[in-house]
Amino acid sequence: MKIMVIVRLMKEIDIEEATRFLRDHFYGQEPLMQTPGAEPVAYDDPKRREYRLSLIRQGTSLAALDGERIVGVAFAGILRPNDLEQNWLDVNEQKPQQLIEHVHYFLSDVERRARIFEQYNVADSLYLSILAVDAAVRRQGLGRRLVSALMELGRAKGLPLLFTTCTSLYSTRVMAALSMDCVLSAPYADYKDDQGIAVIQPPAPHTAVTVMAIKL
């Protein structure tokens, strides 16, 4: 099904539809949360909603629309070194128990080890937090189009870098096709519990998380 899509800045008024969109086209299909025995994740709560709204208010998040219907989203915001450090401190407050806590711990550690700001010698960056496309219109280049538009937006705002942490092979391929560099790749199998069992076990072909970046 070929569609005619307009990409524009996300607005606060979009939050309800965008949240439902994430429920239907992101949370249920996120590879990490398809680990056997994974607990259901609350797709909407006050903390998550406020975080998404904060990204929208920065004027750095995009929505793709087919008519009035959202068919893709790119939630992004400005990130600084102390934000990564604070995130790492937050996830270290207690030992992870549920899968989602392990995921946050693992991803935060990978982003910290990537040393993005030191690698590129920048003081801030545009960080792509969530990229999601309607399952019915995938394989039409919409994800790539959203990221390309995000790059242009970052340049217009004078930001020196765009980076993201890809949890699936497909999103990694999208970023690579846009000439983004692989800064760090970490196999999921290397993250194990006290019994030596891999904690995060996404289905094939998703085997590693990859930090991707590009200078703007």
# chains A, B, ... in the order shown; residues from 1 in each chain; ligands from 1

call {"tool": "residues_around", "arguments": {"residues": "Val103 of chain A", "least_positions_apart": "3", "cutoff": "9 Å", "atoms": "only C-alpha atoms", "output": "list in words"}}
result
Leu32, Met33, Pro96, Gln98, Leu99, Ile100, Phe106, Leu107, Ser108, Val199 and Ile200 of chain A

call {"tool": "write_last_selection", "arguments": {"atoms": "all heavy atoms", "output": "PDB file, in the first residue's frame"}}
result
ATOM      1  N   LEU A  32      13.646  -6.265  22.088  1.00  0.00           N
ATOM      2  CA  LEU A  32      14.105  -6.600  23.437  1.00  0.00           C
ATOM      3  C   LEU A  32      12.971  -7.081  24.327  1.00  0.00           C
ATOM      4  O   LEU A  32      13.157  -7.944  25.185  1.00  0.00           O
ATOM      5  CB  LEU A  32      14.788  -5.390  24.095  1.00  0.00           C
ATOM      6  CG  LEU A  32      15.923  -4.729  23.311  1.00  0.00           C
ATOM      7  CD1 LEU A  32      16.749  -3.859  24.230  1.00  0.00           C
ATOM      8  CD2 LEU A  32      16.794  -5.755  22.622  1.00  0.00           C
ATOM      9  N   MET A  33      11.769  -6.533  24.098  1.00  0.00           N
ATOM     10  CA  MET A  33      10.633  -6.912  24.929  1.00  0.00           C
ATOM     11  C   MET A  33       9.971  -8.193  24.426  1.00  0.00           C
ATOM     12  O   MET A  33       8.957  -8.623  24.968  1.00  0.00           O
ATOM     13  CB  MET A  33       9.624  -5.769  25.002  1.00  0.00           C
ATOM     14  CG  MET A  33      10.192  -4.502  25.643  1.00  0.00           C
ATOM     15  SD  MET A  33      11.123  -4.816  27.185  1.00  0.00           S
ATOM     16  CE  MET A  33       9.860  -5.564  28.217  1.00  0.00           C
ATOM     17  N   PRO A  96      18.710  -4.251  38.989  1.00  0.00           N
ATOM     18  CA  PRO A  96      17.568  -4.558  38.113  1.00  0.00           C
ATOM     19  C   PRO A  96      16.914  -5.879  38.485  1.00  0.00           C
ATOM     20  O   PRO A  96      17.593  -6.850  38.821  1.00  0.00           O
ATOM     21  CB  PRO A  96      18.217  -4.644  36.724  1.00  0.00           C
ATOM     22  CG  PRO A  96      19.505  -3.913  36.836  1.00  0.00           C
ATOM     23  CD  PRO A  96      19.969  -4.103  38.240  1.00  0.00           C
ATOM     24  N   GLN A  98      13.107  -6.660  37.050  1.00  0.00           N
ATOM     25  CA  GLN A  98      12.284  -6.979  35.888  1.00  0.00           C
ATOM     26  C   GLN A  98      13.081  -6.741  34.596  1.00  0.00           C
ATOM     27  O   GLN A  98      14.070  -6.015  34.584  1.00  0.00           O
ATOM     28  CB  GLN A  98      11.016  -6.126  35.889  1.00  0.00           C
ATOM     29  CG  GLN A  98      10.087  -6.405  37.060  1.00  0.00           C
ATOM     30  CD  GLN A  98       8.776  -5.652  36.938  1.00  0.00           C
ATOM     31  OE1 GLN A  98       8.705  -4.594  36.328  1.00  0.00           O
ATOM     32  NE2 GLN A  98       7.732  -6.219  37.522  1.00  0.00           N
ATOM     33  N   LEU A  99      12.592  -7.345  33.508  1.00  0.00           N
ATOM     34  CA  LEU A  99      13.306  -7.244  32.242  1.00  0.00           C
ATOM     35  C   LEU A  99      13.487  -5.790  31.811  1.00  0.00           C
ATOM     36  O   LEU A  99      14.577  -5.405  31.367  1.00  0.00           O
ATOM     37  CB  LEU A  99      12.569  -8.017  31.153  1.00  0.00           C
ATOM     38  CG  LEU A  99      13.196  -7.904  29.754  1.00  0.00           C
ATOM     39  CD1 LEU A  99      14.587  -8.530  29.728  1.00  0.00           C
ATOM     40  CD2 LEU A  99      12.297  -8.522  28.698  1.00  0.00           C
ATOM     41  N   ILE A 100      12.448  -4.958  31.931  1.00  0.00           N
ATOM     42  CA  ILE A 100      12.552  -3.573  31.488  1.00  0.00           C
ATOM     43  C   ILE A 100      13.639  -2.834  32.257  1.00  0.00           C
ATOM     44  O   ILE A 100      14.338  -1.970  31.710  1.00  0.00           O
ATOM     45  CB  ILE A 100      11.179  -2.844  31.609  1.00  0.00           C
ATOM     46  CG1 ILE A 100      11.239  -1.475  30.935  1.00  0.00           C
ATOM     47  CG2 ILE A 100      10.744  -2.728  33.057  1.00  0.00           C
ATOM     48  CD1 ILE A 100      11.481  -1.517  29.449  1.00  0.00           C
ATOM     49  N   PHE A 106      21.226  -2.021  30.758  1.00  0.00           N
ATOM     50  CA  PHE A 106      22.106  -2.430  29.663  1.00  0.00           C
ATOM     51  C   PHE A 106      22.316  -1.295  28.657  1.00  0.00           C
ATOM     52  O   PHE A 106      23.456  -0.980  28.279  1.00  0.00           O
ATOM     53  CB  PHE A 106      21.507  -3.651  28.971  1.00  0.00           C
ATOM     54  CG  PHE A 106      22.282  -4.138  27.779  1.00  0.00           C
ATOM     55  CD1 PHE A 106      23.521  -4.733  27.940  1.00  0.00           C
ATOM     56  CD2 PHE A 106      21.767  -4.000  26.501  1.00  0.00           C
ATOM     57  CE1 PHE A 106      24.240  -5.193  26.840  1.00  0.00           C
ATOM     58  CE2 PHE A 106      22.471  -4.456  25.397  1.00  0.00           C
ATOM     59  CZ  PHE A 106      23.712  -5.050  25.564  1.00  0.00           C
ATOM     60  N   LEU A 107      21.232  -0.651  28.232  1.00  0.00           N
ATOM     61  CA  LEU A 107      21.337   0.417  27.237  1.00  0.00           C
ATOM     62  C   LEU A 107      22.084   1.632  27.794  1.00  0.00           C
ATOM     63  O   LEU A 107      22.891   2.253  27.091  1.00  0.00           O
ATOM     64  CB  LEU A 107      19.949   0.824  26.748  1.00  0.00           C
ATOM     65  CG  LEU A 107      19.159  -0.253  26.005  1.00  0.00           C
ATOM     66  CD1 LEU A 107      17.814   0.290  25.535  1.00  0.00           C
ATOM     67  CD2 LEU A 107      19.945  -0.809  24.823  1.00  0.00           C
ATOM     68  N   SER A 108      21.821   1.958  29.056  1.00  0.00           N
ATOM     69  CA  SER A 108      22.513   3.089  29.667  1.00  0.00           C
ATOM     70  C   SER A 108      24.012   2.829  29.748  1.00  0.00           C
ATOM     71  O   SER A 108      24.837   3.719  29.496  1.00  0.00           O
ATOM     72  CB  SER A 108      21.944   3.348  31.074  1.00  0.00           C
ATOM     73  OG  SER A 108      22.630   4.409  31.700  1.00  0.00           O
ATOM     74  N   VAL A 199      20.254 -12.386  29.821  1.00  0.00           N
ATOM     75  CA  VAL A 199      19.027 -11.779  30.353  1.00  0.00           C
ATOM     76  C   VAL A 199      18.114 -11.318  29.227  1.00  0.00           C
ATOM     77  O   VAL A 199      16.897 -11.520  29.272  1.00  0.00           O
ATOM     78  CB  VAL A 199      19.367 -10.591  31.276  1.00  0.00           C
ATOM     79  CG1 VAL A 199      18.100  -9.908  31.773  1.00  0.00           C
ATOM     80  CG2 VAL A 199      20.209 -11.063  32.457  1.00  0.00           C
ATOM     81  N   ILE A 200      18.690 -10.690  28.215  1.00  0.00           N
ATOM     82  CA  ILE A 200      17.924 -10.135  27.102  1.00  0.00           C
ATOM     83  C   ILE A 200      18.074 -11.067  25.901  1.00  0.00           C
ATOM     84  O   ILE A 200      19.183 -11.269  25.408  1.00  0.00           O
ATOM     85  CB  ILE A 200      18.413  -8.711  26.760  1.00  0.00           C
ATOM     86  CG1 ILE A 200      18.326  -7.805  27.985  1.00  0.00           C
ATOM     87  CG2 ILE A 200      17.606  -8.126  25.610  1.00  0.00           C
ATOM     88  CD1 ILE A 200      18.995  -6.457  27.817  1.00  0.00           C
TER      89      ILE A 200
END

call {"tool": "closest_atom_pairs", "arguments": {"of": "segment 61-109 of chain A", "to": "segment 139-162 of chain A", "cutoff": "12 Å", "atoms": "only C-alpha atoms", "output": "CSV"}}
result
residue,atom,partner,partner_atom,distance
A:Ser61,CA,A:Leu150,CA,7.8
A:Leu62,CA,A:Leu146,CA,7.2
A:Ala63,CA,A:Leu146,CA,8.0
A:Ala64,CA,A:Leu146,CA,7.4
A:Leu65,CA,A:Leu142,CA,10.5
A:Asp66,CA,A:Leu142,CA,11.3
A:Ile70,CA,A:Leu142,CA,11.9
A:Val71,CA,A:Leu142,CA,8.8
A:Gly72,CA,A:Leu142,CA,7.4
A:Val73,CA,A:Leu146,CA,7.6
A:Ala74,CA,A:Leu146,CA,6.6
A:Phe75,CA,A:Leu150,CA,9.6
A:Ala76,CA,A:Leu150,CA,8.3
A:Gly77,CA,A:Gly154,CA,9.7
A:Ile78,CA,A:Leu159,CA,8.4
A:Leu79,CA,A:Leu162,CA,9.7
A:Arg80,CA,A:Leu161,CA,11.0

call {"tool": "write_last_selection", "arguments": {"atoms": "all heavy atoms", "output": "CSV table (one decimal), in the first residue's frame"}}
result
chain,number,residue,atom,x,y,z
A,61,SER,N,11.1,16.7,17.6
A,61,SER,CA,10.4,15.5,17.4
A,61,SER,C,9.5,15.6,16.1
A,61,SER,O,8.9,16.7,15.9
A,61,SER,CB,9.6,15.0,18.6
A,61,SER,OG,10.5,14.7,19.6
A,62,LEU,N,9.4,14.5,15.4
A,62,LEU,CA,8.7,14.6,14.1
A,62,LEU,C,7.6,13.5,14.0
A,62,LEU,O,7.7,12.5,14.6
A,62,LEU,CB,9.7,14.3,12.9
A,62,LEU,CG,10.8,15.3,12.8
A,62,LEU,CD1,11.8,14.8,11.7
A,62,LEU,CD2,10.3,16.7,12.4
A,63,ALA,N,6.6,13.9,13.3
A,63,ALA,CA,5.5,12.9,13.0
A,63,ALA,C,5.3,12.8,11.5
A,63,ALA,O,5.4,13.8,10.7
A,63,ALA,CB,4.2,13.4,13.6
A,64,ALA,N,5.1,11.6,11.0
A,64,ALA,CA,4.7,11.4,9.6
A,64,ALA,C,3.3,11.1,9.5
A,64,ALA,O,2.7,10.3,10.2
A,64,ALA,CB,5.5,10.2,9.0
A,65,LEU,N,2.6,11.8,8.6
A,65,LEU,CA,1.1,11.7,8.5
A,65,LEU,C,0.7,11.4,7.1
A,65,LEU,O,1.1,11.9,6.1
A,65,LEU,CB,0.4,13.0,8.9
A,65,LEU,CG,0.5,13.4,10.4
A,65,LEU,CD1,1.7,14.3,10.7
A,65,LEU,CD2,-0.8,14.0,10.9
A,66,ASP,N,-0.2,10.4,7.1
A,66,ASP,CA,-1.0,10.1,5.8
A,66,ASP,C,-2.4,10.7,6.0
A,66,ASP,O,-3.2,10.1,6.7
A,66,ASP,CB,-1.0,8.6,5.7
A,66,ASP,CG,-1.9,8.1,4.5
A,66,ASP,OD1,-2.0,9.0,3.6
A,66,ASP,OD2,-2.4,7.0,4.5
A,70,ILE,N,-1.4,9.5,11.9
A,70,ILE,CA,0.0,9.3,12.1
A,70,ILE,C,0.5,7.9,11.7
A,70,ILE,O,-0.1,6.9,12.0
A,70,ILE,CB,0.4,9.5,13.6
A,70,ILE,CG1,0.2,11.0,14.0
A,70,ILE,CG2,1.8,9.0,13.9
A,70,ILE,CD1,0.6,11.2,15.5
A,71,VAL,N,1.5,7.9,10.8
A,71,VAL,CA,2.0,6.6,10.4
A,71,VAL,C,3.5,6.4,10.7
A,71,VAL,O,4.1,5.4,10.4
A,71,VAL,CB,1.8,6.4,8.8
A,71,VAL,CG1,0.3,6.3,8.5
A,71,VAL,CG2,2.4,7.6,8.1
A,72,GLY,N,4.1,7.4,11.4
A,72,GLY,CA,5.4,7.3,11.8
A,72,GLY,C,5.8,8.4,12.8
A,72,GLY,O,5.2,9.5,12.8
A,73,VAL,N,6.7,8.1,13.7
A,73,VAL,CA,7.1,9.1,14.7
A,73,VAL,C,8.6,9.0,14.9
A,73,VAL,O,9.2,7.9,14.8
A,73,VAL,CB,6.4,8.9,16.1
A,73,VAL,CG1,4.9,9.2,16.0
A,73,VAL,CG2,6.7,7.5,16.7
A,74,ALA,N,9.2,10.1,15.2
A,74,ALA,CA,10.6,10.2,15.6
A,74,ALA,C,10.7,11.1,16.8
A,74,ALA,O,10.6,12.3,16.7
A,74,ALA,CB,11.5,10.7,14.5
A,75,PHE,N,10.8,10.5,18.0
A,75,PHE,CA,10.9,11.3,19.2
A,75,PHE,C,12.4,11.5,19.5
A,75,PHE,O,13.2,10.6,19.6
A,75,PHE,CB,10.4,10.5,20.4
A,75,PHE,CG,8.9,10.6,20.6
A,75,PHE,CD1,8.0,9.6,20.0
A,75,PHE,CD2,8.3,11.7,21.2
A,75,PHE,CE1,6.7,9.7,20.2
A,75,PHE,CE2,6.9,11.8,21.4
A,75,PHE,CZ,6.1,10.8,20.8
A,76,ALA,N,12.8,12.8,19.5
A,76,ALA,CA,14.2,13.2,19.7
A,76,ALA,C,14.3,14.4,20.5
A,76,ALA,O,13.4,15.2,20.6
A,76,ALA,CB,14.8,13.4,18.3
A,77,GLY,N,15.5,14.6,21.1
A,77,GLY,CA,15.7,15.8,22.0
A,77,GLY,C,17.2,16.0,22.1
A,77,GLY,O,18.1,15.2,21.7
A,78,ILE,N,17.5,17.2,22.6
A,78,ILE,CA,18.9,17.6,22.8
A,78,ILE,C,19.5,16.9,24.1
A,78,ILE,O,18.8,16.9,25.1
A,78,ILE,CB,19.0,19.1,23.0
A,78,ILE,CG1,18.5,19.8,21.7
A,78,ILE,CG2,20.4,19.5,23.3
A,78,ILE,CD1,18.4,21.3,21.8
A,79,LEU,N,20.7,16.3,23.9
A,79,LEU,CA,21.3,15.6,25.0
A,79,LEU,C,22.7,16.1,25.2
A,79,LEU,O,23.4,16.5,24.3
A,79,LEU,CB,21.4,14.1,24.6
A,79,LEU,CG,21.6,13.1,25.7
A,79,LEU,CD1,20.3,13.0,26.6
A,79,LEU,CD2,21.9,11.7,25.2
A,80,ARG,N,23.1,16.2,26.5
A,80,ARG,CA,24.4,16.7,26.9
A,80,ARG,C,25.1,15.6,27.8
A,80,ARG,O,24.4,14.7,28.3
A,80,ARG,CB,24.2,18.0,27.7
A,80,ARG,CG,23.6,19.1,26.8
A,80,ARG,CD,23.5,20.4,27.5
A,80,ARG,NE,23.0,21.5,26.6
A,80,ARG,CZ,21.7,21.7,26.3
A,80,ARG,NH1,20.8,21.0,26.9
A,80,ARG,NH2,21.4,22.6,25.5

call {"tool": "closest_residue", "arguments": {"among": "A:Leu128, A:Ala42, A:Val137, A:Ala213", "to": "Met4 of chain A", "atoms": "only C-alpha atoms"}}
result
A:Val137

call {"tool": "residues_around", "arguments": {"residues": "segment 16-22 of chain A", "least_positions_apart": "4", "cutoff": "10 Å", "atoms": "only C-alpha atoms", "output": "ChimeraX atom specification"}}
result
/A:10-12,26-29,43-44,48-49,52,63,69-73,75,130-134

call {"tool": "write_last_selection", "arguments": {"atoms": "N, CA and C atoms", "output": "compact mmCIF listing (two decimals), in the first residue's frame"}}
result
# COMPACT_ATOMS: atom_id res chain seq x y z
N MET A 10 6.29 17.46 15.47
CA MET A 10 5.23 16.99 16.34
C MET A 10 4.80 18.14 17.25
N LYS A 11 3.50 18.16 17.56
CA LYS A 11 2.93 19.19 18.43
C LYS A 11 2.39 18.53 19.70
N GLU A 12 2.24 19.34 20.74
CA GLU A 12 1.72 18.79 21.99
C GLU A 12 0.35 18.15 21.81
N PHE A 26 5.03 0.04 18.32
CA PHE A 26 6.39 0.05 18.87
C PHE A 26 6.53 -0.94 20.03
N TYR A 27 5.77 -0.73 21.08
CA TYR A 27 5.97 -1.52 22.30
C TYR A 27 5.74 -3.01 22.08
N GLY A 28 4.75 -3.36 21.30
CA GLY A 28 4.49 -4.78 21.07
C GLY A 28 5.47 -5.43 20.11
N GLN A 29 6.29 -4.61 19.43
CA GLN A 29 7.20 -5.14 18.41
C GLN A 29 8.66 -4.85 18.70
N TYR A 43 2.88 1.19 28.33
CA TYR A 43 3.27 2.08 27.24
C TYR A 43 3.03 3.54 27.57
N ASP A 44 2.22 3.79 28.60
CA ASP A 44 1.91 5.17 28.97
C ASP A 44 1.77 5.28 30.48
N ARG A 48 6.64 8.57 31.55
CA ARG A 48 6.88 8.43 30.12
C ARG A 48 6.23 9.56 29.33
N ARG A 49 5.00 9.91 29.73
CA ARG A 49 4.30 10.97 29.00
C ARG A 49 5.02 12.30 29.14
N ARG A 52 8.08 12.34 26.88
CA ARG A 52 7.74 12.54 25.47
C ARG A 52 7.32 13.99 25.22
N ALA A 63 6.56 13.88 13.25
CA ALA A 63 5.47 12.95 12.97
C ALA A 63 5.31 12.84 11.46
N ARG A 69 -3.75 10.88 9.74
CA ARG A 69 -3.38 9.71 10.52
C ARG A 69 -1.86 9.62 10.67
N ILE A 70 -1.39 9.47 11.90
CA ILE A 70 0.04 9.29 12.14
C ILE A 70 0.45 7.90 11.67
N VAL A 71 1.50 7.85 10.84
CA VAL A 71 2.01 6.57 10.36
C VAL A 71 3.49 6.39 10.70
N GLY A 72 4.06 7.38 11.40
CA GLY A 72 5.45 7.26 11.83
C GLY A 72 5.79 8.36 12.81
N VAL A 73 6.70 8.07 13.72
CA VAL A 73 7.13 9.07 14.70
C VAL A 73 8.64 8.97 14.91
N PHE A 75 10.79 10.49 18.01
CA PHE A 75 10.93 11.27 19.24
C PHE A 75 12.41 11.53 19.47
N ILE A 130 13.20 7.39 20.02
CA ILE A 130 12.29 6.37 19.49
C ILE A 130 12.00 6.67 18.02
N LEU A 131 12.17 5.65 17.19
CA LEU A 131 11.76 5.70 15.79
C LEU A 131 10.79 4.55 15.56
N ALA A 132 9.59 4.87 15.09
CA ALA A 132 8.58 3.82 14.88
C ALA A 132 7.77 4.15 13.63
N VAL A 133 7.44 3.10 12.87
CA VAL A 133 6.67 3.23 11.64
C VAL A 133 5.51 2.25 11.68
N ASP A 134 4.36 2.68 11.18
CA ASP A 134 3.18 1.84 11.09
C ASP A 134 3.54 0.53 10.38

call {"tool": "closest_residue", "arguments": {"among": "A:Tyr188, A:Cys182, A:Gly67, A:Arg112", "to": "Pro81 of chain A", "atoms": "only C-alpha atoms"}}
result
A:Arg112

call {"tool": "closest_residue", "arguments": {"among": "A:Ile15, A:Ala204, A:Leu9, A:Cys166", "to": "Glu50 of chain A", "atoms": "only C-alpha atoms"}}
result
A:Ile15

call {"tool": "closest_residue", "arguments": {"among": "A:Asp124, A:Glu111, A:Glu101, A:Asp193", "to": "Glu39 of chain A", "atoms": "only C-alpha atoms"}}
result
A:Glu101

call {"tool": "closest_residue", "arguments": {"among": "A:Thr210, A:Gln195, A:Ser54, A:Gln86", "to": "Val174 of chain A", "atoms": "only C-alpha atoms"}}
result
A:Thr210

call {"tool": "select_by_dssp", "arguments": {"residues": "segment 58-152 of chain A", "states": "strand (DSSP E or B)", "output": "list in words"}}
result
Leu62, Ala63, Ala64, Leu65, Asp66, Arg69, Ile70, Val71, Gly72, Val73, Ala74, Phe75, Ala76, Gly77, Ile78, Leu79, Ser125, Leu126, Tyr127, Leu128, Ser129, Ile130, Leu131, Ala132 and Val133 of chain A

call {"tool": "closest_residue", "arguments": {"among": "A:Val5, A:Ala208, A:Ala189, A:Leu84", "to": "Ala114 of chain A", "atoms": "only C-alpha atoms"}}
result
A:Leu84

call {"tool": "atom_distance", "arguments": {"atom1": "atom CA of Ser129 of chain A", "atom2": "atom CA of Glu68 of chain A"}}
result
23.6 Å

call {"tool": "select_by_dssp", "arguments": {"residues": "chain A", "states": "alpha helix (DSSP H)", "output": "VMD selection string"}}
result
chain A and resid 15 to 22 46 to 57 81 to 91 99 to 114 116 to 120 142 to 156 169 to 177

call {"tool": "write_last_selection", "arguments": {"atoms": "C-alpha atoms", "output": "PDB file, in the first residue's frame"}}
result
ATOM      1  CA  ILE A  15       0.528  13.357  22.251  1.00  0.00           C
ATOM      2  CA  GLU A  16      -2.631  11.236  22.582  1.00  0.00           C
ATOM      3  CA  GLU A  17      -2.486   9.817  19.065  1.00  0.00           C
ATOM      4  CA  ALA A  18       1.293   9.429  19.201  1.00  0.00           C
ATOM      5  CA  THR A  19       1.013   7.487  22.456  1.00  0.00           C
ATOM      6  CA  ARG A  20      -1.568   5.130  20.973  1.00  0.00           C
ATOM      7  CA  PHE A  21       0.647   4.785  17.916  1.00  0.00           C
ATOM      8  CA  LEU A  22       3.561   3.660  20.101  1.00  0.00           C
ATOM      9  CA  PRO A  46       3.034   9.994  33.913  1.00  0.00           C
ATOM     10  CA  LYS A  47       6.827   9.700  33.703  1.00  0.00           C
ATOM     11  CA  ARG A  48       6.878   8.426  30.117  1.00  0.00           C
ATOM     12  CA  ARG A  49       4.298  10.971  29.004  1.00  0.00           C
ATOM     13  CA  GLU A  50       6.190  13.881  30.539  1.00  0.00           C
ATOM     14  CA  TYR A  51       9.413  12.710  28.890  1.00  0.00           C
ATOM     15  CA  ARG A  52       7.736  12.544  25.470  1.00  0.00           C
ATOM     16  CA  LEU A  53       6.130  15.940  25.980  1.00  0.00           C
ATOM     17  CA  SER A  54       9.516  17.405  26.939  1.00  0.00           C
ATOM     18  CA  LEU A  55      10.928  16.193  23.614  1.00  0.00           C
ATOM     19  CA  ILE A  56       7.982  17.643  21.688  1.00  0.00           C
ATOM     20  CA  ARG A  57       8.373  21.005  23.454  1.00  0.00           C
ATOM     21  CA  PRO A  81      27.104  14.697  28.687  1.00  0.00           C
ATOM     22  CA  ASN A  82      25.624  15.255  32.138  1.00  0.00           C
ATOM     23  CA  ASP A  83      22.303  13.805  30.910  1.00  0.00           C
ATOM     24  CA  LEU A  84      23.989  10.495  30.080  1.00  0.00           C
ATOM     25  CA  GLU A  85      25.777  10.511  33.414  1.00  0.00           C
ATOM     26  CA  GLN A  86      22.567  11.220  35.320  1.00  0.00           C
ATOM     27  CA  ASN A  87      20.768   8.443  33.478  1.00  0.00           C
ATOM     28  CA  TRP A  88      23.538   6.018  34.437  1.00  0.00           C
ATOM     29  CA  LEU A  89      23.301   7.094  38.086  1.00  0.00           C
ATOM     30  CA  ASP A  90      19.521   6.674  38.038  1.00  0.00           C
ATOM     31  CA  VAL A  91      19.619   3.098  36.749  1.00  0.00           C
ATOM     32  CA  LEU A  99      13.306  -7.244  32.242  1.00  0.00           C
ATOM     33  CA  ILE A 100      12.552  -3.573  31.488  1.00  0.00           C
ATOM     34  CA  GLU A 101      14.909  -2.565  34.313  1.00  0.00           C
ATOM     35  CA  HIS A 102      17.628  -4.791  32.854  1.00  0.00           C
ATOM     36  CA  VAL A 103      17.045  -3.223  29.441  1.00  0.00           C
ATOM     37  CA  HIS A 104      17.421   0.296  30.836  1.00  0.00           C
ATOM     38  CA  TYR A 105      20.575  -0.726  32.708  1.00  0.00           C
ATOM     39  CA  PHE A 106      22.106  -2.430  29.663  1.00  0.00           C
ATOM     40  CA  LEU A 107      21.337   0.417  27.237  1.00  0.00           C
ATOM     41  CA  SER A 108      22.513   3.089  29.667  1.00  0.00           C
ATOM     42  CA  ASP A 109      25.797   1.238  30.149  1.00  0.00           C
ATOM     43  CA  VAL A 110      26.308   0.882  26.390  1.00  0.00           C
ATOM     44  CA  GLU A 111      25.631   4.589  25.791  1.00  0.00           C
ATOM     45  CA  ARG A 112      28.020   5.515  28.584  1.00  0.00           C
ATOM     46  CA  ARG A 113      30.769   3.270  27.171  1.00  0.00           C
ATOM     47  CA  ALA A 114      30.303   4.694  23.671  1.00  0.00           C
ATOM     48  CA  ILE A 116      29.902   9.840  22.155  1.00  0.00           C
ATOM     49  CA  PHE A 117      30.742  13.358  23.271  1.00  0.00           C
ATOM     50  CA  GLU A 118      34.435  12.598  23.688  1.00  0.00           C
ATOM     51  CA  GLN A 119      34.608  10.695  20.387  1.00  0.00           C
ATOM     52  CA  TYR A 120      33.184  13.587  18.398  1.00  0.00           C
ATOM     53  CA  LEU A 142       9.557   6.058   5.779  1.00  0.00           C
ATOM     54  CA  GLY A 143      11.961   5.405   8.654  1.00  0.00           C
ATOM     55  CA  ARG A 144      14.844   6.641   6.529  1.00  0.00           C
ATOM     56  CA  ARG A 145      12.836   9.705   5.525  1.00  0.00           C
ATOM     57  CA  LEU A 146      12.092  10.556   9.171  1.00  0.00           C
ATOM     58  CA  VAL A 147      15.758  10.277  10.153  1.00  0.00           C
ATOM     59  CA  SER A 148      16.841  12.356   7.143  1.00  0.00           C
ATOM     60  CA  ALA A 149      14.368  15.063   8.156  1.00  0.00           C
ATOM     61  CA  LEU A 150      15.701  14.869  11.705  1.00  0.00           C
ATOM     62  CA  MET A 151      19.235  15.452  10.428  1.00  0.00           C
ATOM     63  CA  GLU A 152      18.077  18.557   8.571  1.00  0.00           C
ATOM     64  CA  LEU A 153      16.278  19.757  11.675  1.00  0.00           C
ATOM     65  CA  GLY A 154      19.420  19.270  13.752  1.00  0.00           C
ATOM     66  CA  ARG A 155      21.477  21.249  11.245  1.00  0.00           C
ATOM     67  CA  ALA A 156      18.908  24.061  11.247  1.00  0.00           C
ATOM     68  CA  LEU A 169      19.021  -4.996  13.087  1.00  0.00           C
ATOM     69  CA  TYR A 170      16.489  -3.170  10.919  1.00  0.00           C
ATOM     70  CA  SER A 171      16.980   0.230  12.566  1.00  0.00           C
ATOM     71  CA  THR A 172      20.752  -0.279  12.435  1.00  0.00           C
ATOM     72  CA  ARG A 173      20.458  -0.824   8.663  1.00  0.00           C
ATOM     73  CA  VAL A 174      18.402   2.370   8.298  1.00  0.00           C
ATOM     74  CA  MET A 175      21.097   4.396  10.073  1.00  0.00           C
ATOM     75  CA  ALA A 176      23.921   2.756   8.115  1.00  0.00           C
ATOM     76  CA  ALA A 177      22.135   3.557   4.841  1.00  0.00           C
TER      77      ALA A 177
END

call {"tool": "residues_around", "arguments": {"residues": "Thr165 of chain A", "least_positions_apart": "5", "cutoff": "7 Å", "atoms": "only C-alpha atoms", "output": "list in words"}}
result
Val209, Thr210, Val211 and Met212 of chain A

call {"tool": "write_last_selection", "arguments": {"atoms": "N, CA and C atoms", "output": "short mmCIF file (atom, residue, chain, number, x, y, z; two decimals), in the first residue's frame"}}
result
data_model
loop_
_atom_site.label_atom_id
_atom_site.label_comp_id
_atom_site.auth_asym_id
_atom_site.auth_seq_id
_atom_site.Cartn_x
_atom_site.Cartn_y
_atom_site.Cartn_z
N VAL A 209 22.98 -4.53 20.30
CA VAL A 209 22.58 -3.12 20.31
C VAL A 209 23.72 -2.32 19.70
N THR A 210 23.39 -1.30 18.92
CA THR A 210 24.40 -0.55 18.18
C THR A 210 24.19 0.95 18.35
N VAL A 211 25.23 1.62 18.81
CA VAL A 211 25.19 3.09 18.91
C VAL A 211 25.66 3.66 17.58
N MET A 212 24.81 4.44 16.94
CA MET A 212 25.10 5.00 15.62
C MET A 212 25.11 6.53 15.72
#

call {"tool": "decode", "arguments": {"residues": "segment 164-180 of chain A", "atoms": "C-alpha atoms", "output": "mmCIF file, in the first residue's frame"}}
result
data_model
loop_
_atom_site.group_PDB
_atom_site.id
_atom_site.type_symbol
_atom_site.label_atom_id
_atom_site.label_comp_id
_atom_site.auth_asym_id
_atom_site.auth_seq_id
_atom_site.Cartn_x
_atom_site.Cartn_y
_atom_site.Cartn_z
ATOM 1 C CA THR A 164 20.835 6.967 18.450
ATOM 2 C CA THR A 165 20.960 3.542 20.061
ATOM 3 C CA CYS A 166 19.545 0.884 17.729
ATOM 4 C CA THR A 167 18.075 -2.167 19.411
ATOM 5 C CA SER A 168 17.105 -3.965 16.180
ATOM 6 C CA LEU A 169 19.021 -4.996 13.087
ATOM 7 C CA TYR A 170 16.489 -3.170 10.919
ATOM 8 C CA SER A 171 16.980 0.230 12.566
ATOM 9 C CA THR A 172 20.752 -0.279 12.435
ATOM 10 C CA ARG A 173 20.458 -0.824 8.663
ATOM 11 C CA VAL A 174 18.402 2.370 8.298
ATOM 12 C CA MET A 175 21.097 4.396 10.073
ATOM 13 C CA ALA A 176 23.921 2.756 8.115
ATOM 14 C CA ALA A 177 22.135 3.557 4.841
ATOM 15 C CA LEU A 178 22.208 7.204 5.892
ATOM 16 C CA SER A 179 26.005 7.042 6.369
ATOM 17 C CA MET A 180 25.865 7.008 10.155
#
